[in-house]
Every structure is written in structure tokens, then in C-alpha cells.
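Text of entry-v4.pdb (PDB, C-alpha atoms) as supplied:
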```
ATOM      1  CA  SER A 957       7.114 -70.283  -4.562
ATOM      2  CA  GLN A 958       5.181 -71.994  -7.300
ATOM      3  CA  THR A 959       4.588 -70.370 -10.663
ATOM      4  CA  ILE A 960       2.700 -71.410 -13.757
ATOM      5  CA  HIS A 961       3.250 -70.097 -17.258
ATOM      6  CA  GLN A 962       1.501 -70.820 -20.509
ATOM      7  CA  TRP A 963       2.180 -69.659 -24.040
ATOM      8  CA  PRO A 964       1.550 -68.267 -26.487
ATOM      9  CA  ALA A 965      -0.674 -65.606 -24.938
ATOM     10  CA  THR A 966      -2.555 -65.026 -28.181
ATOM     11  CA  LEU A 967      -2.831 -67.064 -31.327
ATOM     12  CA  VAL A 968      -4.692 -66.641 -34.610
ATOM     13  CA  GLN A 969      -4.820 -69.811 -36.650
ATOM     14  CA  PRO A 970      -6.633 -70.796 -39.858
ATOM     15  CA  VAL A 971      -9.174 -73.592 -39.880
ATOM     16  CA  GLY A 972      -7.487 -76.940 -40.433
ATOM     17  CA  SER A 973      -4.122 -75.883 -39.049
ATOM     18  CA  PRO A 974      -2.481 -77.600 -36.060
ATOM     19  CA  LEU A 975      -2.345 -76.226 -32.522
ATOM     20  CA  SER A 976       0.118 -76.463 -29.696
ATOM     21  CA  LEU A 977      -0.304 -74.632 -26.403
ATOM     22  CA  GLU A 978       2.305 -75.229 -23.763
ATOM     23  CA  CYS A 979       2.194 -74.907 -20.004
ATOM     24  CA  THR A 980       4.897 -75.335 -17.399
ATOM     25  CA  VAL A 981       4.815 -75.251 -13.613
ATOM     26  CA  GLU A 982       7.796 -74.387 -11.432
ATOM     27  CA  GLY A 983       8.412 -74.804  -7.736
ATOM     28  CA  THR A 984       6.507 -78.028  -7.159
ATOM     29  CA  SER A 985       6.787 -81.706  -7.991
ATOM     30  CA  ASN A 986       4.214 -84.137  -9.347
ATOM     31  CA  PRO A 987       1.420 -81.576  -9.592
ATOM     32  CA  ASN A 988      -2.018 -82.308 -10.939
ATOM     33  CA  LEU A 989      -2.340 -80.396 -14.220
ATOM     34  CA  TYR A 990      -5.441 -79.184 -16.009
ATOM     35  CA  TRP A 991      -6.578 -77.574 -19.260
ATOM     36  CA  TYR A 992      -9.764 -75.524 -19.193
ATOM     37  CA  ARG A 993     -11.575 -73.658 -21.949
ATOM     38  CA  GLN A 994     -13.596 -70.528 -21.398
ATOM     39  CA  ALA A 995     -15.951 -69.191 -24.042
ATOM     40  CA  ALA A 996     -17.121 -65.578 -24.178
ATOM     41  CA  GLY A 997     -15.531 -64.735 -20.810
ATOM     42  CA  ARG A 998     -17.861 -66.976 -18.835
ATOM     43  CA  GLY A 999     -17.991 -70.566 -17.693
ATOM     44  CA  LEU A1000     -14.915 -72.744 -17.222
ATOM     45  CA  GLN A1001     -15.051 -76.078 -18.969
ATOM     46  CA  LEU A1002     -12.560 -78.749 -17.902
ATOM     47  CA  LEU A1003     -11.002 -80.355 -20.973
ATOM     48  CA  PHE A1004      -8.197 -82.541 -19.629
ATOM     49  CA  TYR A1005      -6.466 -83.316 -16.378
ATOM     50  CA  SER A1006      -3.356 -85.266 -15.527
ATOM     51  CA  VAL A1007      -2.149 -86.770 -12.276
ATOM     52  CA  GLY A1008       1.243 -87.821 -13.627
ATOM     53  CA  ILE A1009       3.536 -88.155 -16.628
ATOM     54  CA  GLY A1010       1.743 -89.795 -19.505
ATOM     55  CA  GLN A1011      -1.545 -89.962 -17.573
ATOM     56  CA  ILE A1012      -4.267 -87.955 -19.270
ATOM     57  CA  SER A1013      -7.986 -87.955 -18.569
ATOM     58  CA  SER A1014     -10.372 -86.363 -21.018
ATOM     59  CA  GLU A1015     -13.541 -84.800 -19.701
ATOM     60  CA  VAL A1016     -15.294 -84.046 -22.975
ATOM     61  CA  PRO A1017     -15.002 -85.491 -26.475
ATOM     62  CA  GLN A1018     -13.491 -82.959 -28.812
ATOM     63  CA  ASN A1019     -11.026 -82.062 -31.477
ATOM     64  CA  LEU A1020      -8.233 -81.552 -28.966
ATOM     65  CA  SER A1021      -5.700 -83.748 -27.199
ATOM     66  CA  ALA A1022      -3.321 -83.298 -24.299
ATOM     67  CA  SER A1023       0.056 -84.705 -23.422
ATOM     68  CA  ARG A1024       2.329 -84.597 -20.402
ATOM     69  CA  PRO A1025       5.835 -85.460 -21.571
ATOM     70  CA  GLN A1026       7.483 -84.215 -18.373
ATOM     71  CA  ASP A1027       6.361 -83.889 -14.763
ATOM     72  CA  ARG A1028       5.721 -80.146 -14.932
ATOM     73  CA  GLN A1029       4.850 -79.746 -18.597
ATOM     74  CA  PHE A1030       1.376 -79.981 -20.058
ATOM     75  CA  ILE A1031       0.618 -79.508 -23.755
ATOM     76  CA  LEU A1032      -2.711 -78.962 -25.490
ATOM     77  CA  SER A1033      -2.785 -79.921 -29.160
ATOM     78  CA  SER A1034      -4.942 -80.304 -32.189
ATOM     79  CA  LYS A1035      -4.141 -81.754 -35.594
ATOM     80  CA  LYS A1036      -6.800 -79.723 -37.404
ATOM     81  CA  LEU A1037      -8.479 -76.756 -35.786
ATOM     82  CA  LEU A1038     -12.178 -76.012 -36.152
ATOM     83  CA  LEU A1039     -13.871 -72.620 -35.892
ATOM     84  CA  SER A1040     -15.542 -73.842 -32.710
ATOM     85  CA  ASP A1041     -12.131 -74.316 -31.066
ATOM     86  CA  SER A1042     -11.825 -70.546 -30.636
ATOM     87  CA  GLY A1043     -11.759 -69.461 -27.026
ATOM     88  CA  PHE A1044      -9.671 -68.668 -23.967
ATOM     89  CA  TYR A1045      -7.624 -71.637 -22.802
ATOM     90  CA  LEU A1046      -6.388 -71.866 -19.256
ATOM     91  CA  CYS A1047      -3.777 -74.173 -17.825
ATOM     92  CA  ALA A1048      -3.946 -74.851 -14.091
ATOM     93  CA  TRP A1049      -2.253 -76.888 -11.406
ATOM     94  CA  SER A1050      -2.946 -78.219  -7.944
ATOM     95  CA  VAL A1051      -0.873 -80.080  -5.385
ATOM     96  CA  GLY A1052      -0.568 -83.727  -6.413
ATOM     97  CA  GLY A1053      -2.467 -86.555  -4.793
ATOM     98  CA  ASN A1054      -5.383 -85.940  -2.475
ATOM     99  CA  SER A1055      -3.732 -83.393  -0.251
ATOM    100  CA  GLY A1056      -4.471 -80.301  -2.281
ATOM    101  CA  ASN A1057      -7.836 -79.146  -3.540
ATOM    102  CA  THR A1058      -7.017 -75.609  -4.612
ATOM    103  CA  ILE A1059      -6.410 -74.966  -8.293
ATOM    104  CA  TYR A1060      -4.121 -72.176  -9.487
ATOM    105  CA  PHE A1061      -4.469 -70.825 -13.001
ATOM    106  CA  GLY A1062      -2.034 -69.602 -15.620
ATOM    107  CA  GLU A1063      -2.419 -66.359 -17.509
ATOM    108  CA  GLY A1064      -4.497 -67.869 -20.294
ATOM    109  CA  SER A1065      -4.110 -68.153 -24.065
ATOM    110  CA  TRP A1066      -6.504 -66.539 -26.515
ATOM    111  CA  LEU A1067      -7.085 -68.710 -29.578
ATOM    112  CA  THR A1068      -8.924 -67.346 -32.581
ATOM    113  CA  VAL A1069      -9.573 -69.754 -35.424
ATOM    114  CA  VAL A1070     -10.324 -67.968 -38.697
TER     115      VAL A1070
ATOM    116  CA  GLY B 751     -24.219 -85.159 -12.074
ATOM    117  CA  GLN B 752     -23.319 -82.448  -9.661
ATOM    118  CA  GLN B 753     -24.530 -78.983 -10.527
ATOM    119  CA  LEU B 754     -23.573 -75.651  -9.135
ATOM    120  CA  ASN B 755     -25.763 -72.550  -9.461
ATOM    121  CA  GLN B 756     -24.184 -69.130  -9.010
ATOM    122  CA  SER B 757     -26.189 -65.954  -8.639
ATOM    123  CA  PRO B 758     -26.629 -63.265  -9.605
ATOM    124  CA  GLN B 759     -25.275 -63.564 -13.132
ATOM    125  CA  SER B 760     -24.357 -59.885 -13.155
ATOM    126  CA  MET B 761     -24.407 -56.890 -10.858
ATOM    127  CA  PHE B 762     -24.089 -53.189 -11.581
ATOM    128  CA  ILE B 763     -23.495 -51.223  -8.415
ATOM    129  CA  GLN B 764     -22.341 -47.850  -7.165
ATOM    130  CA  GLU B 765     -18.861 -47.441  -5.726
ATOM    131  CA  GLY B 766     -18.982 -47.822  -1.950
ATOM    132  CA  GLU B 767     -21.864 -50.273  -1.920
ATOM    133  CA  ASP B 768     -21.604 -53.752  -0.487
ATOM    134  CA  VAL B 769     -21.883 -56.785  -2.770
ATOM    135  CA  SER B 770     -23.180 -60.253  -2.077
ATOM    136  CA  MET B 771     -23.158 -63.288  -4.335
ATOM    137  CA  ASN B 772     -23.742 -66.960  -3.649
ATOM    138  CA  CYS B 773     -23.504 -70.466  -4.976
ATOM    139  CA  THR B 774     -25.642 -73.493  -4.279
ATOM    140  CA  SER B 775     -25.009 -77.071  -5.256
ATOM    141  CA  SER B 776     -27.179 -80.108  -5.804
ATOM    142  CA  SER B 777     -24.934 -82.162  -3.537
ATOM    143  CA  ILE B 778     -22.565 -81.589  -0.658
ATOM    144  CA  PHE B 779     -19.042 -80.314  -1.150
ATOM    145  CA  ASN B 780     -15.929 -80.630   0.990
ATOM    146  CA  THR B 781     -14.271 -77.553  -0.459
ATOM    147  CA  TRP B 782     -15.506 -74.178  -1.646
ATOM    148  CA  LEU B 783     -13.277 -71.749  -3.508
ATOM    149  CA  TRP B 784     -13.843 -68.222  -4.761
ATOM    150  CA  TYR B 785     -11.919 -66.767  -7.707
ATOM    151  CA  LYS B 786     -11.818 -63.401  -9.439
ATOM    152  CA  GLN B 787     -11.021 -63.032 -13.116
ATOM    153  CA  ASP B 788      -9.964 -59.757 -14.707
ATOM    154  CA  PRO B 789     -10.548 -59.382 -18.460
ATOM    155  CA  GLY B 790      -8.064 -61.377 -20.517
ATOM    156  CA  GLU B 791      -6.399 -62.977 -17.518
ATOM    157  CA  GLY B 792      -6.610 -66.241 -15.639
ATOM    158  CA  PRO B 793      -8.775 -66.507 -12.494
ATOM    159  CA  VAL B 794      -7.019 -65.663  -9.260
ATOM    160  CA  LEU B 795      -7.884 -67.399  -6.013
ATOM    161  CA  LEU B 796      -9.492 -65.092  -3.448
ATOM    162  CA  ILE B 797     -10.619 -67.346  -0.625
ATOM    163  CA  ALA B 798     -10.536 -71.085   0.061
ATOM    164  CA  LEU B 799     -12.942 -72.772   2.487
ATOM    165  CA  TYR B 800     -12.443 -76.314   3.738
ATOM    166  CA  LYS B 801     -14.835 -76.718   6.670
ATOM    167  CA  ALA B 802     -18.599 -76.420   7.005
ATOM    168  CA  GLY B 803     -19.511 -73.181   8.789
ATOM    169  CA  GLU B 804     -16.102 -71.664   8.143
ATOM    170  CA  LEU B 805     -16.096 -67.896   7.724
ATOM    171  CA  THR B 806     -12.965 -66.407   6.186
ATOM    172  CA  SER B 807     -11.988 -62.861   5.321
ATOM    173  CA  ASN B 808      -9.458 -61.468   2.891
ATOM    174  CA  GLY B 809      -9.390 -57.701   3.219
ATOM    175  CA  ARG B 810     -12.810 -56.403   2.195
ATOM    176  CA  LEU B 811     -13.877 -59.881   1.085
ATOM    177  CA  THR B 812     -15.654 -62.372   3.302
ATOM    178  CA  ALA B 813     -16.776 -65.854   2.332
ATOM    179  CA  GLN B 814     -18.589 -68.580   4.213
ATOM    180  CA  PHE B 815     -18.906 -72.330   3.786
ATOM    181  CA  GLY B 816     -22.574 -73.127   4.421
ATOM    182  CA  ILE B 817     -23.495 -75.440   7.282
ATOM    183  CA  THR B 818     -25.392 -77.735   4.909
ATOM    184  CA  ARG B 819     -22.212 -77.947   2.761
ATOM    185  CA  LYS B 820     -24.381 -77.189  -0.256
ATOM    186  CA  ASP B 821     -23.833 -73.460  -0.447
ATOM    187  CA  SER B 822     -21.346 -70.646  -0.042
ATOM    188  CA  PHE B 823     -21.495 -66.880  -0.268
ATOM    189  CA  LEU B 824     -19.007 -64.120  -0.982
ATOM    190  CA  ASN B 825     -19.431 -60.585   0.288
ATOM    191  CA  ILE B 826     -17.459 -57.531  -0.777
ATOM    192  CA  SER B 827     -17.721 -54.508   1.450
ATOM    193  CA  ALA B 828     -17.345 -50.898   0.301
ATOM    194  CA  SER B 829     -16.767 -51.755  -3.353
ATOM    195  CA  ILE B 830     -14.182 -49.866  -5.393
ATOM    196  CA  PRO B 831     -13.677 -49.646  -9.185
ATOM    197  CA  SER B 832     -10.920 -52.296  -9.191
ATOM    198  CA  ASP B 833     -13.428 -54.847  -7.878
ATOM    199  CA  VAL B 834     -14.766 -55.032 -11.429
ATOM    200  CA  GLY B 835     -14.466 -58.487 -12.927
ATOM    201  CA  ILE B 836     -16.038 -61.904 -12.982
ATOM    202  CA  TYR B 837     -16.257 -63.839  -9.739
ATOM    203  CA  PHE B 838     -16.405 -67.619  -9.833
ATOM    204  CA  CYS B 839     -17.279 -70.053  -7.110
ATOM    205  CA  ALA B 840     -15.984 -73.601  -7.297
ATOM    206  CA  GLY B 841     -16.755 -76.672  -5.258
ATOM    207  CA  GLN B 842     -15.193 -80.053  -4.822
ATOM    208  CA  PHE B 843     -16.317 -83.296  -3.271
ATOM    209  CA  ASN B 844     -13.923 -85.921  -1.978
ATOM    210  CA  TYR B 845     -15.095 -89.484  -1.780
ATOM    211  CA  GLY B 846     -13.409 -92.670  -0.676
ATOM    212  CA  GLY B 847     -10.074 -90.908  -0.329
ATOM    213  CA  SER B 848     -10.178 -89.655  -3.903
ATOM    214  CA  GLN B 849     -10.714 -86.051  -4.778
ATOM    215  CA  GLY B 850     -13.178 -85.099  -7.469
ATOM    216  CA  ASN B 851     -12.508 -82.364  -9.947
ATOM    217  CA  LEU B 852     -13.539 -78.826  -9.160
ATOM    218  CA  ILE B 853     -16.967 -77.802 -10.402
ATOM    219  CA  PHE B 854     -17.232 -74.126 -11.333
ATOM    220  CA  GLY B 855     -20.185 -71.801 -11.236
ATOM    221  CA  LYS B 856     -20.908 -69.741 -14.345
ATOM    222  CA  GLY B 857     -19.683 -66.572 -12.739
ATOM    223  CA  THR B 858     -21.020 -63.269 -11.460
ATOM    224  CA  LYS B 859     -20.008 -60.274 -13.537
ATOM    225  CA  LEU B 860     -19.521 -57.242 -11.320
ATOM    226  CA  SER B 861     -19.560 -53.700 -12.666
ATOM    227  CA  VAL B 862     -18.853 -50.748 -10.392
ATOM    228  CA  LYS B 863     -19.884 -47.201 -11.217
ATOM    229  CA  PRO B 864     -17.607 -44.529  -9.740
TER     230      PRO B 864
END
```
What does this structure look like when you write it as C-alpha cells?
Amino acid sequence: SQTIHQWPATLVQPVGSPLSLECTVEGTSNPNLYWYRQAAGRGLQLLFYSVGIGQISSEVPQNLSASRPQDRQFILSSKKLLLSDSGFYLCAWSVGGNSGNTIYFGEGSWLTVV
Amino acid sequence: GQQLNQSPQSMFIQEGEDVSMNCTSSSIFNTWLWYKQDPGEGPVLLIALYKAGELTSNGRLTAQFGITRKDSFLNISASIPSDVGIYFCAGQFNYGGSQGNLIFGKGTKLSVKP
């Protein structure tokens, strides 16, 4: 069966520091991968999605970037965090190509920028 | 762009009562999904709907894909305290063989009083 894990689960970082959140998927090949942000427990905002290694699409301009160095690995990064980057970040996957529409989420990572 | 309205925003009900929530979109969708999110965790898929008119149950949960393809509802029968959480609908439109990204509603926060 497929599983998705992201870490760290919680993170407190000072303004201006870098960020790296990592996500891995097991049990499937060539998945579509996603990063979402959720503020105040409501509303899921799509940040990035990837249909393959090295292929990243950004949905909103921001202080963050994403990379996919391996097929089942998706990383969310920032060089300098802002206070407004605080939130709950969710990694997700779906079956690759056009055959799968259902998205499955990871456990989430709480980021607090202080 | 496509918009998705979810209502109600919140519900506070007595244990044992039935619950109904719905989502409507400004355009047609090919897929409707319903998720539940517990505090501090990632959303978990409850029901997936892929065909207009489809009615699907998952235990005490029932969801329907509207005939117009612009709406969906989720019903919970005989609510229990563990039903507490935020429920999200999500829709997706496929066009020209390409699948669009999921669009999420803003969630319905359900509180259950024992």
C-alpha cells in the first residue's frame, strides 16, 4: 500500500532563517506531488505541484520554492523565512498522469516563524 | 477562475443528530471528493465521486455527485463526538485529456455536543 510521510512535524524558526520541509511517498511510482498551505485551520492553498522529477509548477508567487530531486521525494524550501510564512504545510500525492484524481495527504508540518 | 462555495461554514449540533453540508461550483466538475481533517492532522479522504448522479456511502456518511455536475452534498447520520472536525469538499475538472488541479472548499467546521 502507498504511504506518505513528511517531516519535521513541527518547526519554530526565526525570521530570515532558511526552511526545508521534506516529503516522501512509498508504494507507488511517478506520482504527482503537491505542497499545500493551510492558515488558521481552514482553507487549503495549493503552493506547488510536480508531475515528475525536476518538474515544478508554482501556483502562487511567494517566498518559497520546491524541488523534486527524486521520483518520490518533494522538498519545500525557503532561503529567508517571513512571519507570514507561518502555517500548516501539507504534502500530498496522487496517481501520476491523468488516471488518478484523488489526492492523499501527509500528516502535515506546523511552521511557526518568530 | 473556478470557484467553489461550501456551506455552512460551521455547525454545532447535538450528538445523534443528522448533518448535511454541501458545495456548489461556478463550473462543472468531473470529480467530487470529501475529506475530513482532525486538528493538527492532514485531511483524510472520506468519499470520492466520479460520475454525475452517483450516490456513495461510507458507514454513516453519504455523498452525492449532483446531476448538474456543479454541486455535491455530504450527509452524516446519527452524529457522534468523533465526527468533530473540519470537512472539506474538493472538485476537479478534466479537459482535453488533462486533469486540472483540485479546487477545495473552505471547509465546514463540525462541533458535536454529547
Anything within 12 Å of (-12.7, -80.1, -16.5): list those residues as a PDB file with C-alpha atoms, in the frame of the given file, counting only C-alpha atoms and sticking to the file's coordinates.
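part00.pdb, freshly written:
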```pdb
ATOM      1  CA  LEU A 989      -2.340 -80.396 -14.220  1.00  0.00           C
ATOM      2  CA  TYR A 990      -5.441 -79.184 -16.009  1.00  0.00           C
ATOM      3  CA  TRP A 991      -6.578 -77.574 -19.260  1.00  0.00           C
ATOM      4  CA  TYR A 992      -9.764 -75.524 -19.193  1.00  0.00           C
ATOM      5  CA  ARG A 993     -11.575 -73.658 -21.949  1.00  0.00           C
ATOM      6  CA  GLN A 994     -13.596 -70.528 -21.398  1.00  0.00           C
ATOM      7  CA  GLY A 999     -17.991 -70.566 -17.693  1.00  0.00           C
ATOM      8  CA  LEU A1000     -14.915 -72.744 -17.222  1.00  0.00           C
ATOM      9  CA  GLN A1001     -15.051 -76.078 -18.969  1.00  0.00           C
ATOM     10  CA  LEU A1002     -12.560 -78.749 -17.902  1.00  0.00           C
ATOM     11  CA  LEU A1003     -11.002 -80.355 -20.973  1.00  0.00           C
ATOM     12  CA  PHE A1004      -8.197 -82.541 -19.629  1.00  0.00           C
ATOM     13  CA  TYR A1005      -6.466 -83.316 -16.378  1.00  0.00           C
ATOM     14  CA  SER A1006      -3.356 -85.266 -15.527  1.00  0.00           C
ATOM     15  CA  ILE A1012      -4.267 -87.955 -19.270  1.00  0.00           C
ATOM     16  CA  SER A1013      -7.986 -87.955 -18.569  1.00  0.00           C
ATOM     17  CA  SER A1014     -10.372 -86.363 -21.018  1.00  0.00           C
ATOM     18  CA  GLU A1015     -13.541 -84.800 -19.701  1.00  0.00           C
ATOM     19  CA  VAL A1016     -15.294 -84.046 -22.975  1.00  0.00           C
ATOM     20  CA  PRO A1017     -15.002 -85.491 -26.475  1.00  0.00           C
ATOM     21  CA  TYR A1045      -7.624 -71.637 -22.802  1.00  0.00           C
ATOM     22  CA  LEU A1046      -6.388 -71.866 -19.256  1.00  0.00           C
ATOM     23  CA  CYS A1047      -3.777 -74.173 -17.825  1.00  0.00           C
ATOM     24  CA  ALA A1048      -3.946 -74.851 -14.091  1.00  0.00           C
ATOM     25  CA  ILE A1059      -6.410 -74.966  -8.293  1.00  0.00           C
TER      26      ILE A1059
ATOM     27  CA  ALA B 840     -15.984 -73.601  -7.297  1.00  0.00           C
ATOM     28  CA  GLN B 842     -15.193 -80.053  -4.822  1.00  0.00           C
ATOM     29  CA  GLY B 850     -13.178 -85.099  -7.469  1.00  0.00           C
ATOM     30  CA  ASN B 851     -12.508 -82.364  -9.947  1.00  0.00           C
ATOM     31  CA  LEU B 852     -13.539 -78.826  -9.160  1.00  0.00           C
ATOM     32  CA  ILE B 853     -16.967 -77.802 -10.402  1.00  0.00           C
ATOM     33  CA  PHE B 854     -17.232 -74.126 -11.333  1.00  0.00           C
TER      34      PHE B 854
END
```
Only residues of chain B matter here; which ones have an atom within 10 Å of chain A, counting all atoms listed in the file? Give them as a PyMOL selection string.
chain B and resi 759+780-783+785+787-795+797-800+836-838+840-844+847-859
Rounded to one decimal, what separation in Å do you get between CA of Ser1050 in chain A and CA of Val968 in chain A?
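According to the coordinates, CA of Ser1050 in chain A and CA of Val968 in chain A are separated by 29.1 Å.
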Quote the spacing between CA of Gly983 in chain A and CA of Ala1022 in chain A in Å to one decimal place.
22.0 Å
Could you write out as a VMD selection string the residues that the PyMOL selection byres ((chain A and resi 987) around 8) matches in the shown file?
chain A and resid 984 to 986 988 to 989 1007 to 1008 1027 to 1028 1049 to 1053
Atom pair CA of Cys773 in chain B + CA of Asn808 in chain B, distance 18.4 Å
So that I can see what lies close to Ile763 in chain B, please list as a count of residues only the residues with an atom at most 7 Å from it, counting all atoms listed in the file and leaving out residues fewer than 4 positions away in the same chain.
4
Assuming the chain letters and numbering stay as they are in my file, what does the PyMOL selection byres ((chain B and resi 802) around 6) actually select? List them as a PyMOL selection string.
chain B and resi 801+803-804+815-817+819
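With only C-alpha atoms as the atoms that count, the residue of A:Asn1019, A:Thr980, A:Ser973, A:Ile1031 with the shortest distance to Thr959 in chain A is A:Thr980.
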